[in-house]
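Have a look at upload06.txt below; it lists compact mmCIF, C-alpha atoms and all ligand atoms.
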# COMPACT_ATOMS: atom_id res chain seq x y z
CA MET A 750 -4.53 7.27 -52.59
CA SER A 751 -6.91 5.80 -50.04
CA ASN A 752 -9.96 7.63 -48.78
CA SER A 753 -10.71 5.20 -45.99
CA MET A 754 -8.29 6.91 -43.66
CA SER A 755 -9.60 8.90 -40.75
CA GLN A 756 -9.38 12.57 -41.60
CA PRO A 757 -9.96 15.56 -39.39
CA PRO A 758 -13.64 16.59 -39.55
CA THR A 759 -14.65 18.72 -42.50
CA PRO A 760 -15.18 22.29 -41.41
CA ALA A 761 -18.60 23.86 -41.51
CA PRO A 762 -18.65 27.25 -43.21
CA THR A 763 -17.89 29.95 -40.70
CA SER A 764 -18.33 33.66 -40.90
CA GLU A 765 -14.95 35.24 -41.63
CA ALA A 766 -15.68 38.11 -39.29
CA LEU A 767 -15.93 35.83 -36.29
CA VAL A 768 -12.78 33.91 -37.00
CA ARG A 769 -9.45 34.70 -35.45
CA LEU A 770 -6.29 33.71 -37.26
CA LEU A 771 -3.23 32.11 -35.83
CA GLN A 772 -0.18 31.73 -38.06
CA ILE A 773 2.26 28.98 -37.33
CA LYS A 774 5.38 27.60 -38.94
CA LEU A 775 6.28 23.93 -38.55
CA LEU A 776 9.62 22.76 -39.80
CA PHE A 777 11.09 19.41 -40.79
CA TRP A 778 14.74 19.05 -39.84
CA GLY A 779 17.13 16.12 -40.04
CA PRO A 780 20.11 14.56 -41.81
CA GLY A 781 20.30 14.23 -45.60
CA GLU A 782 17.92 11.77 -47.21
CA ALA A 783 16.14 10.88 -43.96
CA GLY A 784 12.73 11.46 -45.59
CA LYS A 785 11.78 15.09 -44.84
CA THR A 786 10.61 15.91 -48.34
CA THR A 787 8.82 12.55 -48.64
CA THR A 788 6.92 13.30 -45.42
CA TYR A 789 6.13 16.77 -46.77
CA TYR A 790 4.48 15.17 -49.82
CA ARG A 791 2.56 12.72 -47.60
CA LEU A 792 1.21 15.66 -45.58
CA GLN A 793 -0.05 17.29 -48.76
CA GLU A 794 -1.99 14.10 -49.54
CA ILE A 795 -3.32 13.70 -46.00
CA PHE A 796 -4.43 17.31 -45.60
CA GLN A 797 -5.18 17.96 -49.26
CA ARG A 798 -8.47 19.77 -48.64
CA PHE A 799 -6.87 22.13 -46.15
CA GLN A 800 -4.06 23.11 -48.49
CA VAL A 801 -4.22 26.79 -49.43
CA SER A 802 -1.00 27.37 -51.35
CA GLU A 803 0.41 25.39 -54.21
CA GLY A 804 3.70 24.88 -52.43
CA PHE A 805 7.18 24.81 -53.87
CA SER A 806 10.36 22.81 -53.66
CA ILE A 807 13.78 24.22 -54.40
CA ALA A 808 15.75 21.06 -55.14
CA THR A 809 18.63 19.69 -57.19
CA THR A 810 18.09 17.48 -60.24
CA ASP A 811 18.57 14.50 -57.89
CA GLU A 812 15.67 15.76 -55.75
CA ARG A 813 17.96 16.66 -52.85
CA THR A 814 16.54 19.73 -51.15
CA LEU A 815 18.71 22.68 -52.11
CA TRP A 816 16.97 25.40 -50.15
CA ASN A 817 13.61 24.21 -48.83
CA ASP A 818 10.12 22.94 -49.51
CA SER A 819 7.21 25.06 -48.36
CA VAL A 820 3.41 24.84 -48.38
CA HIS A 821 0.49 26.37 -46.43
CA PHE A 822 -2.55 24.75 -44.85
CA ARG A 823 -5.52 26.42 -43.19
CA PHE A 824 -7.20 24.43 -40.43
CA PRO A 825 -10.46 25.81 -39.05
CA MET A 826 -10.87 24.94 -35.37
CA ILE A 827 -14.56 25.49 -34.90
CA PRO A 828 -15.09 25.37 -31.12
CA SER A 829 -12.54 28.09 -30.52
CA LYS A 830 -13.48 30.12 -33.61
CA LEU A 831 -9.85 30.04 -34.53
CA ASP A 832 -8.34 29.39 -37.92
CA VAL A 833 -4.79 28.11 -37.87
CA VAL A 834 -2.69 28.80 -40.92
CA VAL A 835 0.26 26.47 -40.90
CA ASN A 836 3.32 26.90 -43.04
CA VAL A 837 5.05 23.56 -43.37
CA ALA A 838 8.65 23.78 -44.49
CA THR A 839 11.58 21.41 -44.80
CA THR A 840 15.27 22.17 -44.62
CA THR A 841 18.09 20.57 -46.54
CA GLY A 842 20.00 17.82 -44.78
CA GLN A 843 23.01 18.03 -47.08
CA GLU A 844 26.14 19.21 -45.36
CA ARG A 845 27.18 21.34 -48.30
CA PHE A 846 24.14 23.60 -47.85
CA LEU A 847 24.56 23.76 -44.11
CA SER A 848 24.62 27.53 -43.88
CA THR A 849 21.10 27.86 -45.32
CA ARG A 850 19.45 25.73 -42.64
CA GLU A 851 19.69 28.25 -39.87
CA TYR A 852 17.71 30.79 -41.92
CA ILE A 853 14.92 28.38 -42.70
CA LEU A 854 14.69 27.53 -39.00
CA GLN A 855 14.10 31.14 -38.01
CA ASN A 856 10.62 31.79 -36.63
CA ALA A 857 9.71 28.10 -36.51
CA ASP A 858 7.07 27.45 -33.83
CA GLY A 859 7.56 23.70 -33.82
CA VAL A 860 10.02 21.23 -35.31
CA VAL A 861 9.78 17.63 -36.48
CA PHE A 862 13.19 16.03 -36.33
CA VAL A 863 13.31 13.30 -38.98
CA GLY A 864 15.81 10.59 -38.09
CA ASP A 865 17.02 7.79 -40.34
CA SER A 866 16.54 4.24 -38.98
CA SER A 867 19.61 2.86 -40.71
CA TRP A 868 22.29 1.86 -38.17
CA GLY A 869 24.90 3.48 -40.38
CA LYS A 870 23.17 6.86 -40.00
CA ILE A 871 23.20 7.06 -36.21
CA GLU A 872 26.15 9.48 -36.13
CA GLU A 873 24.49 11.74 -38.71
CA ASN A 874 21.24 11.65 -36.69
CA LEU A 875 23.08 12.67 -33.57
CA ARG A 876 25.01 15.46 -35.23
CA SER A 877 21.93 16.91 -36.87
CA PHE A 878 19.87 16.61 -33.66
CA GLU A 879 22.51 18.37 -31.60
CA GLU A 880 22.71 21.12 -34.19
CA LEU A 881 18.93 21.55 -33.92
CA LEU A 882 18.99 21.62 -30.11
CA HIS A 883 21.70 24.22 -30.26
CA PHE A 884 19.69 26.49 -32.57
CA THR A 885 16.42 26.09 -30.64
CA LYS A 886 17.81 26.24 -27.11
CA ARG A 887 16.87 29.83 -26.46
CA SER A 888 13.40 29.73 -27.97
CA ALA A 889 12.54 26.36 -26.34
CA THR A 890 10.74 25.38 -29.56
CA PRO A 891 8.70 22.16 -29.17
CA ILE A 892 10.24 19.21 -31.02
CA VAL A 893 8.85 15.80 -31.92
CA ILE A 894 10.92 13.04 -33.44
CA GLN A 895 9.99 11.03 -36.48
CA LEU A 896 12.09 7.89 -36.71
CA ASN A 897 11.67 7.16 -40.40
CA LYS A 898 12.47 4.24 -42.71
CA ARG A 899 11.25 1.62 -40.25
CA ASP A 900 11.05 -0.77 -43.22
CA LEU A 901 14.83 -0.98 -43.63
CA PRO A 902 16.33 -4.40 -42.96
CA ASP A 903 19.02 -2.92 -40.71
CA ALA A 904 16.62 -0.58 -38.86
CA ILE A 905 17.79 0.33 -35.37
CA ALA A 906 15.55 -0.90 -32.51
CA LEU A 907 13.51 1.89 -30.92
CA THR A 908 15.11 1.29 -27.49
CA ASP A 909 18.59 1.58 -28.99
CA PHE A 910 17.59 4.76 -30.77
CA LEU A 911 16.22 6.31 -27.57
CA ASN A 912 19.40 5.31 -25.81
CA GLU A 913 21.80 6.57 -28.50
CA MET A 914 19.97 9.88 -28.80
CA ASP A 915 19.72 10.32 -25.04
CA LEU A 916 15.91 10.42 -25.08
CA PRO A 917 13.55 9.26 -22.28
CA ASP A 918 13.47 5.43 -22.01
CA ASN A 919 9.68 5.37 -21.83
CA ASN A 920 9.40 7.53 -24.99
CA GLN A 921 7.37 10.15 -23.12
CA GLY A 922 8.08 13.82 -22.71
CA THR A 923 7.55 15.85 -19.54
CA ALA A 924 3.91 16.50 -20.41
CA GLY A 925 3.33 12.80 -21.04
CA THR A 926 3.38 13.27 -24.80
CA GLN A 927 4.90 10.81 -27.24
CA VAL A 928 8.46 11.75 -28.19
CA VAL A 929 9.36 9.40 -31.04
CA TYR A 930 6.97 8.28 -33.79
CA GLU A 931 8.01 5.36 -35.97
CA THR A 932 7.19 5.96 -39.63
CA ILE A 933 7.60 4.71 -43.18
CA ALA A 934 7.13 7.93 -45.09
CA SER A 935 7.57 6.25 -48.47
CA SER A 936 4.62 3.95 -47.82
CA LEU A 937 1.14 4.83 -49.08
CA LEU A 938 -0.59 2.45 -46.67
CA PRO A 939 -3.34 4.16 -44.63
CA LYS A 940 -1.77 2.88 -41.40
CA GLU A 941 1.55 4.55 -42.18
CA LYS A 942 -0.09 7.79 -43.30
CA HIS A 943 -2.08 7.76 -40.10
CA THR A 944 1.09 7.78 -37.98
CA ILE A 945 2.34 10.83 -39.87
CA GLN A 946 -1.02 12.49 -39.36
CA ARG A 947 -0.95 11.76 -35.60
CA LEU A 948 2.57 13.12 -35.29
CA PHE A 949 1.68 16.27 -37.15
CA ILE A 950 -1.55 16.95 -35.27
CA GLY A 951 0.18 16.21 -31.95
CA LEU A 952 2.82 18.83 -32.62
CA LEU A 953 0.30 21.29 -34.01
CA GLU A 954 -1.84 21.01 -30.87
CA THR A 955 1.16 21.62 -28.63
CA VAL A 956 2.17 24.66 -30.63
CA VAL A 957 -1.38 26.08 -30.78
CA ARG A 958 -1.83 25.62 -27.03
CA ARG A 959 1.47 27.30 -26.38
CA ASN A 960 0.55 30.22 -28.61
CA MET A 961 -2.87 30.61 -27.01
CA VAL A 962 -1.28 30.74 -23.55
CA ASN A 963 1.22 33.29 -24.77
CA THR A 964 -1.51 35.42 -26.32
CA ARG A 965 -3.55 35.27 -23.12
CA ARG A 966 -0.52 36.18 -21.07
CA LYS A 967 0.17 39.17 -23.27
CA PHE A 968 -3.47 40.19 -23.04
CA GLN A 969 -3.46 39.93 -19.25
CA THR A 970 -0.26 41.89 -19.00
CA LYS A 971 -1.77 44.60 -21.15
CA GLN A 972 -4.82 44.69 -18.95
CA ASN A 973 -2.65 44.89 -15.87
CA THR A 974 -0.47 47.65 -17.18
CA GLY A 975 -3.55 49.38 -18.53
CA GLY A 976 -4.68 49.93 -14.98
CA VAL A 977 -7.72 47.65 -14.99
CA LYS A 978 -6.91 46.60 -11.44
CA MET B 381 45.53 32.15 -47.57
CA ALA B 382 44.14 30.18 -50.48
CA THR B 383 40.40 29.87 -49.96
CA ILE B 384 39.48 28.45 -53.32
CA PRO B 385 40.99 25.18 -54.53
CA ASP B 386 43.32 25.60 -57.50
CA GLN B 387 41.22 23.16 -59.46
CA LEU B 388 38.40 25.72 -59.50
CA ARG B 389 40.36 28.85 -60.24
CA SER B 390 42.95 27.69 -62.70
CA ASN B 391 40.80 25.83 -65.20
CA ALA B 392 39.85 27.13 -68.64
CA VAL B 393 36.46 28.42 -67.48
CA ALA B 394 38.13 30.35 -64.65
CA THR B 395 40.41 31.95 -67.25
CA LEU B 396 37.32 33.21 -69.06
CA LEU B 397 35.96 34.62 -65.79
CA ASP B 398 39.25 36.44 -65.24
CA GLU B 399 39.01 37.85 -68.74
CA LEU B 400 35.45 39.03 -68.07
CA ARG B 401 36.51 40.73 -64.87
CA VAL B 402 39.46 42.49 -66.52
CA LYS B 403 37.18 43.70 -69.34
CA TYR B 404 34.72 45.03 -66.80
CA GLY B 405 37.52 46.80 -64.92
CA LYS B 406 38.74 48.49 -68.10
CA LEU B 407 35.35 49.63 -69.32
CA SER B 408 33.68 50.62 -66.09
CA ARG B 409 34.24 53.77 -64.07
CA THR B 410 32.27 52.77 -60.99
CA GLY B 411 31.40 49.76 -58.92
CA LYS B 412 33.79 46.92 -58.20
CA LEU B 413 33.10 43.34 -59.20
CA TYR B 414 33.91 41.16 -56.18
CA GLY B 415 33.64 37.79 -57.73
CA LEU B 416 32.35 35.52 -60.48
CA ILE B 417 31.36 31.88 -60.26
CA VAL B 418 30.17 29.32 -62.75
CA ALA B 419 28.03 26.58 -61.24
CA ASP B 420 25.35 24.20 -62.36
CA GLN B 421 21.74 24.33 -61.15
CA ASP B 422 22.61 21.86 -58.37
CA ALA B 423 25.08 24.34 -56.87
CA LYS B 424 28.10 22.39 -58.01
CA VAL B 425 30.68 25.10 -58.42
CA LEU B 426 32.79 24.54 -61.55
CA ALA B 427 34.98 27.66 -61.61
CA ALA B 428 35.70 30.90 -59.77
CA ASN B 429 37.77 33.89 -60.83
CA THR B 430 41.32 34.15 -59.45
CA PHE B 431 40.78 37.17 -57.24
CA PHE B 432 37.46 36.06 -55.82
CA HIS B 433 36.81 38.25 -52.77
CA HIS B 434 38.55 36.60 -49.82
CA LYS B 435 35.74 37.38 -47.37
CA LEU B 436 33.12 35.57 -49.43
CA ASN B 437 32.71 31.83 -49.15
CA TYR B 438 32.51 30.67 -52.76
CA TRP B 439 30.55 27.63 -51.66
CA ASP B 440 27.75 29.60 -50.00
CA VAL B 441 27.67 31.94 -52.97
CA GLY B 442 27.17 28.93 -55.24
CA ALA B 443 24.35 27.59 -53.04
CA ILE B 444 22.55 30.93 -52.88
CA GLY B 445 22.99 31.43 -56.62
CA ALA B 446 21.48 28.03 -57.37
CA ALA B 447 18.64 28.58 -54.89
CA LEU B 448 17.92 31.90 -56.58
CA TYR B 449 17.81 30.09 -59.90
CA GLY B 450 15.38 27.58 -58.32
CA VAL B 451 13.10 30.35 -57.04
CA GLY B 452 13.27 32.07 -60.43
CA LYS B 453 12.32 28.88 -62.22
CA GLN B 454 9.40 28.33 -59.86
CA ALA B 455 8.22 31.89 -60.47
CA ARG B 456 8.54 31.40 -64.20
CA ASP B 457 6.16 28.42 -64.00
CA PHE B 458 3.87 30.36 -61.70
CA PHE B 459 3.53 33.24 -64.13
CA GLN B 460 3.57 30.87 -67.09
CA ALA B 461 6.37 33.00 -68.45
CA GLN B 462 8.99 32.24 -71.08
CA ASP B 463 12.67 31.65 -70.41
CA LEU B 464 14.26 32.87 -67.24
CA ASP B 465 17.21 35.17 -67.98
CA ARG B 466 18.45 36.48 -64.69
CA ALA B 467 17.63 36.76 -61.02
CA THR B 468 18.97 39.58 -58.87
CA LEU B 469 19.34 40.34 -55.18
CA ILE B 470 20.01 43.91 -54.12
CA PHE B 471 21.39 44.71 -50.67
CA GLY B 472 22.38 47.91 -48.94
CA ASP B 473 25.89 47.85 -50.30
CA PHE B 474 26.11 45.11 -52.86
CA MET B 475 24.38 43.29 -55.64
CA PHE B 476 24.12 39.64 -56.54
CA PHE B 477 23.09 38.16 -59.93
CA THR B 478 22.36 34.72 -61.22
CA HIS B 479 22.51 34.73 -64.99
CA ILE B 480 21.35 31.67 -66.92
CA ILE B 481 24.03 30.67 -69.41
CA GLY B 482 22.47 27.66 -71.09
CA THR B 483 22.08 23.90 -70.99
CA VAL B 484 24.81 21.27 -71.13
CA SER B 485 24.08 17.72 -72.07
CA LEU B 486 25.82 15.11 -69.91
CA GLY B 487 25.05 11.96 -71.84
CA GLU B 488 23.01 10.27 -74.50
CA ASN B 489 19.91 10.35 -72.37
CA PRO B 490 18.00 13.50 -73.40
CA ASN B 491 16.95 14.29 -69.83
CA GLN B 492 20.53 14.13 -68.58
CA THR B 493 21.07 17.85 -68.85
CA ARG B 494 22.09 20.61 -66.48
CA GLU B 495 21.56 24.33 -66.68
CA LEU B 496 24.68 26.39 -66.14
CA ILE B 497 24.56 29.60 -64.18
CA LEU B 498 26.97 32.49 -63.92
CA ILE B 499 26.90 34.19 -60.55
CA SER B 500 28.36 37.62 -60.06
CA ILE B 501 28.66 39.78 -56.97
CA GLY B 502 29.69 43.37 -56.91
CA GLU B 503 29.27 46.74 -55.26
CA ARG B 504 25.84 48.26 -55.23
CA ASN B 505 26.83 50.94 -57.73
CA ILE B 506 28.10 48.36 -60.18
CA ASN B 507 27.65 49.24 -63.83
CA LEU B 508 24.62 47.06 -64.37
CA GLY B 509 24.32 47.45 -68.13
CA LEU B 510 27.95 46.61 -68.63
CA VAL B 511 27.88 43.52 -66.42
CA VAL B 512 24.78 42.20 -68.16
CA MET B 513 26.28 42.89 -71.55
CA LEU B 514 29.50 41.09 -70.61
CA MET B 515 27.65 38.16 -69.08
CA GLN B 516 25.66 37.77 -72.28
CA LYS B 517 28.78 38.04 -74.37
CA PHE B 518 30.73 35.47 -72.38
CA ALA B 519 27.87 33.01 -71.91
CA PRO B 520 28.35 31.08 -75.19
CA ARG B 521 32.11 30.84 -74.65
CA ILE B 522 31.66 29.53 -71.10
CA LEU B 523 29.06 27.06 -72.28
CA HIS B 524 31.32 25.85 -75.06
CA GLN B 525 34.24 25.48 -72.66
CA VAL B 526 32.24 23.47 -70.12
CA GLU B 527 30.87 21.23 -72.87
CA HIS B 528 34.43 20.27 -73.72
CA ASP B 529 35.70 19.97 -70.16
CA GLU B 530 35.45 16.33 -69.12
CA LYS B 531 36.37 17.12 -65.49
CA ALA B 532 33.53 19.60 -65.14
CA ARG B 533 31.10 17.24 -66.83
CA ASN B 534 32.12 14.41 -64.49
CA GLN B 535 31.59 16.66 -61.53
CA MET B 536 28.05 17.45 -62.69
CA ARG B 537 27.34 13.74 -63.17
CA MET B 538 28.35 12.90 -59.59
CA SER B 539 25.70 11.76 -57.15
CA GLU B 540 25.31 13.67 -53.90
CA SER B 541 27.45 11.18 -51.96
CA GLU B 542 30.17 11.06 -54.64
CA PHE B 543 30.18 14.81 -54.63
CA THR B 544 30.53 14.93 -50.84
CA HIS B 545 33.69 12.82 -51.14
CA HIS B 546 34.94 14.99 -53.96
CA LEU B 547 34.49 18.07 -51.75
CA GLU B 548 36.38 16.42 -48.92
CA ASP B 549 39.28 15.83 -51.30
CA LEU B 550 39.20 19.47 -52.37
CA LYS B 551 39.21 20.57 -48.73
CA LYS B 552 42.19 18.35 -47.98
CA GLN B 553 44.06 19.97 -50.86
CA LEU B 554 43.34 23.39 -49.37
CA PHE B 555 44.54 22.41 -45.91
CA SER B 556 47.70 20.82 -47.20
CA LEU B 557 48.35 24.00 -49.21
CA THR B 558 48.00 26.15 -46.11
CA GLU B 559 50.13 23.84 -44.02
CA SER B 560 52.92 23.69 -46.56
CA SER B 561 52.93 27.45 -46.95
CA ILE B 562 53.18 27.87 -43.18
CA GLY B 563 56.01 25.34 -43.23
CA GLY B 564 57.70 27.42 -45.91
CA ILE B 565 57.52 30.64 -43.92
CA ILE B 566 59.08 29.04 -40.85
N1 LIG C 1 12.98 2.68 -47.41
C1 LIG C 1 12.50 3.89 -47.20
N2 LIG C 1 12.89 4.90 -47.99
C2 LIG C 1 12.40 6.14 -47.75
C3 LIG C 1 11.47 6.39 -46.69
N3 LIG C 1 11.16 7.70 -46.69
C4 LIG C 1 11.87 8.27 -47.71
N4 LIG C 1 12.60 7.32 -48.35
C5 LIG C 1 13.51 7.51 -49.51
O1 LIG C 1 14.67 8.19 -49.09
C6 LIG C 1 15.17 9.06 -50.13
C7 LIG C 1 15.35 10.48 -49.58
O2 LIG C 1 14.08 11.00 -49.23
P1 LIG C 1 13.80 12.58 -49.12
O3 LIG C 1 12.43 12.73 -48.61
O4 LIG C 1 14.16 13.26 -50.39
O5 LIG C 1 14.86 12.97 -48.02
P2 LIG C 1 15.18 14.41 -47.40
O6 LIG C 1 15.28 14.22 -45.93
O7 LIG C 1 14.21 15.41 -47.89
O8 LIG C 1 16.64 14.65 -48.01
P3 LIG C 1 17.44 16.06 -48.25
O9 LIG C 1 16.48 17.01 -48.87
O10 LIG C 1 18.55 15.71 -49.14
O11 LIG C 1 17.91 16.50 -46.91
C8 LIG C 1 14.16 8.98 -51.25
O12 LIG C 1 14.67 8.08 -52.21
C9 LIG C 1 12.91 8.41 -50.59
O13 LIG C 1 12.12 7.66 -51.48
C10 LIG C 1 11.07 5.27 -45.88
O14 LIG C 1 10.28 5.38 -44.94
N5 LIG C 1 11.63 4.06 -46.19
MG MG C 2 14.45 17.14 -48.90
Encoded form using structure tokens:
Amino acid sequence: MSNSMSQPPTPAPTSEALVRLLQIKLLFWGPGEAGKTTTYYRLQEIFQRFQVSEGFSIATTDERTLWNDSVHFRFPMIPSKLDVVVNVATTTGQERFLSTREYILQNADGVVFVGDSSWGKIEENLRSFEELLHFTKRSATPIVIQLNKRDLPDAIALTDFLNEMDLPDNNQGTAGTQVVYETIASSLLPKEKHTIQRLFIGLLETVVRRNMVNTRRKFQTKQNTGGVK
Amino acid sequence: MATIPDQLRSNAVATLLDELRVKYGKLSRTGKLYGLIVADQDAKVLAANTFFHHKLNYWDVGAIGAALYGVGKQARDFFQAQDLDRATLIFGDFMFFTHIIGTVSLGENPNQTRELILISIGERNINLGLVVMLMQKFAPRILHQVEHDEKARNQMRMSESEFTHHLEDLKKQLFSLTESSIGGII
């Protein structure tokens, strides 16, 4: 593993008493064998020093995810005196375990949809993406898309993928954020790991911001109802 | 309506499950046994008893049973414990067990092995001691039967995509069964 890659700054020791905790769950979703578990392992390498649980994988002998993979990281965010504990989990993409996916998705604060670049998988990508949109419609959970296996010889062009999946042509969301990230999760090259890191931090920031706003809103409402006015 | 393909409930292992269930029925005074399934650790269901409860999806039961086995195995490593015998889920009104039966070898390669699990679901007031005793008693027979069942062994050797096709075939059989029985009634 390379150490030359840019890593988030190492945290300075902070006093526990001053630190607030935010707990977040980020989930990897997508069709079978798209690379969710591979990305999960890459994240453990990238954020190794922030990892706080050993993590587990419930998988078949073929390494297909049977239930899920799950691990915890703790990221100290010094300026805001906030520690973010992130549970990263993956679901199974195999159709025969379909009924378990909905449970794993529960309480997810953000989702990475992992799509497969192979042209032959476009239908499976669509089906899985629609299933995800259906489950997250009510909670309006933030989603980023990881278009994986860019190294495949028959990899779909990004424009075709955006088109087929009915995503914005300019690959930008309403807030101007990147929608699709092109990755090669199986690669150990720093450049490839860096894309995964960017994708992950991008989603994490969105989710943290969203949670902070929600917390503030709740706080203000309490103040209002508490008769501060 | 047939909800379990004949292939899974009329094979020799299924016959053993039926025998287990009858024995339980005779010896126990309380607590019904809703269903029994033999699967491998990859949730490939190999057999189900004939009167498997019609409201339970045998496939989901197999997946949960195998996941429970996976969690149990992980916990065993975590606690650096010895063999894993059994994992249990207890709900308001029923109980679910995954009992480890043993290992089957699928080829010459020593790491080509699969663990077999016996899943049972019953009422909450099921006679626990009796079920465990029967599961232990039947385990070697089930293991022996699977070891000599080429169909079951082939199924366990299948890759995920081969298995998906195999399941589609099984589903087709079920639908054609239902259709022909409707045709018969009319
Ligand atoms: N060529 C190529 N192969 C990849 C890439 N990422 C993952 N793979 C391979 O794809 C296969 C499936 O990867 P997994 O990470 O297990 O896929 P998954 O999405 O977790 O699959 P399920 O758990 O079955 O849903 C493995 O053989 C990986 O090595 C990639 O970027 N390029
Ligand atoms: Mg996986």
Review point. Which residues, written as a PyMOL selection string, have at least one atom at most 8 Å from Thr786 (chain A), with all atoms listed in the file counted and residues fewer than 4 positions away on the same chain left out?
Key: chain A and resi 790+814+818+839
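With all atoms listed in the file as the atoms that count, the minimum distance from chain B to the choices A:Ser888, A:Ser848, A:Ser866, A:Gln895 is reached by A:Ser848.
Across A:Gly869, A:Gly804, A:Gly859, A:Gly864, the tightest approach to chain B is made by A:Gly804 when counting all atoms listed in the file.
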Review point. Restricting the calculation to all atoms listed in the file, which member of B:Gln553, B:Ser539, B:Thr410, B:Gln525 is positioned closest to ligand LIG 1 (chain C)?
Key: B:Ser539
Residues of chain A within 10 Å of chain B, using all atoms listed in the file, as a compact mmCIF listing (two decimals) with C-alpha atoms, in the coordinates of the input?
# COMPACT_ATOMS: atom_id res chain seq x y z
CA GLY A 781 20.30 14.23 -45.60
CA GLU A 803 0.41 25.39 -54.21
CA GLY A 804 3.70 24.88 -52.43
CA PHE A 805 7.18 24.81 -53.87
CA SER A 806 10.36 22.81 -53.66
CA ILE A 807 13.78 24.22 -54.40
CA ALA A 808 15.75 21.06 -55.14
CA THR A 809 18.63 19.69 -57.19
CA THR A 810 18.09 17.48 -60.24
CA ASP A 811 18.57 14.50 -57.89
CA GLU A 812 15.67 15.76 -55.75
CA ARG A 813 17.96 16.66 -52.85
CA THR A 814 16.54 19.73 -51.15
CA LEU A 815 18.71 22.68 -52.11
CA TRP A 816 16.97 25.40 -50.15
CA ASN A 817 13.61 24.21 -48.83
CA GLN A 843 23.01 18.03 -47.08
CA GLU A 844 26.14 19.21 -45.36
CA ARG A 845 27.18 21.34 -48.30
CA PHE A 846 24.14 23.60 -47.85
CA LEU A 847 24.56 23.76 -44.11
CA SER A 848 24.62 27.53 -43.88
CA THR A 849 21.10 27.86 -45.32
Review point. Within 10 Å of Asn391 (chain B), counting all atoms listed in the file, which residues qualify if same-chain residues fewer than 5 places away don't, as a VMD selection string?
Key: chain B and resid 386 396 426 to 429 525 529 531 to 532
**Study point:** Who sits within 10 Å of Glu913 (chain A), all atoms listed in the file, same chain under 6 positions skipped, as a ChimeraX atom specification
**Key:** /A:871-872,874-875,907
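Between CA of Val526 (chain B) and CA of Leu496 (chain B) the interatomic distance comes to 9.0 Å.
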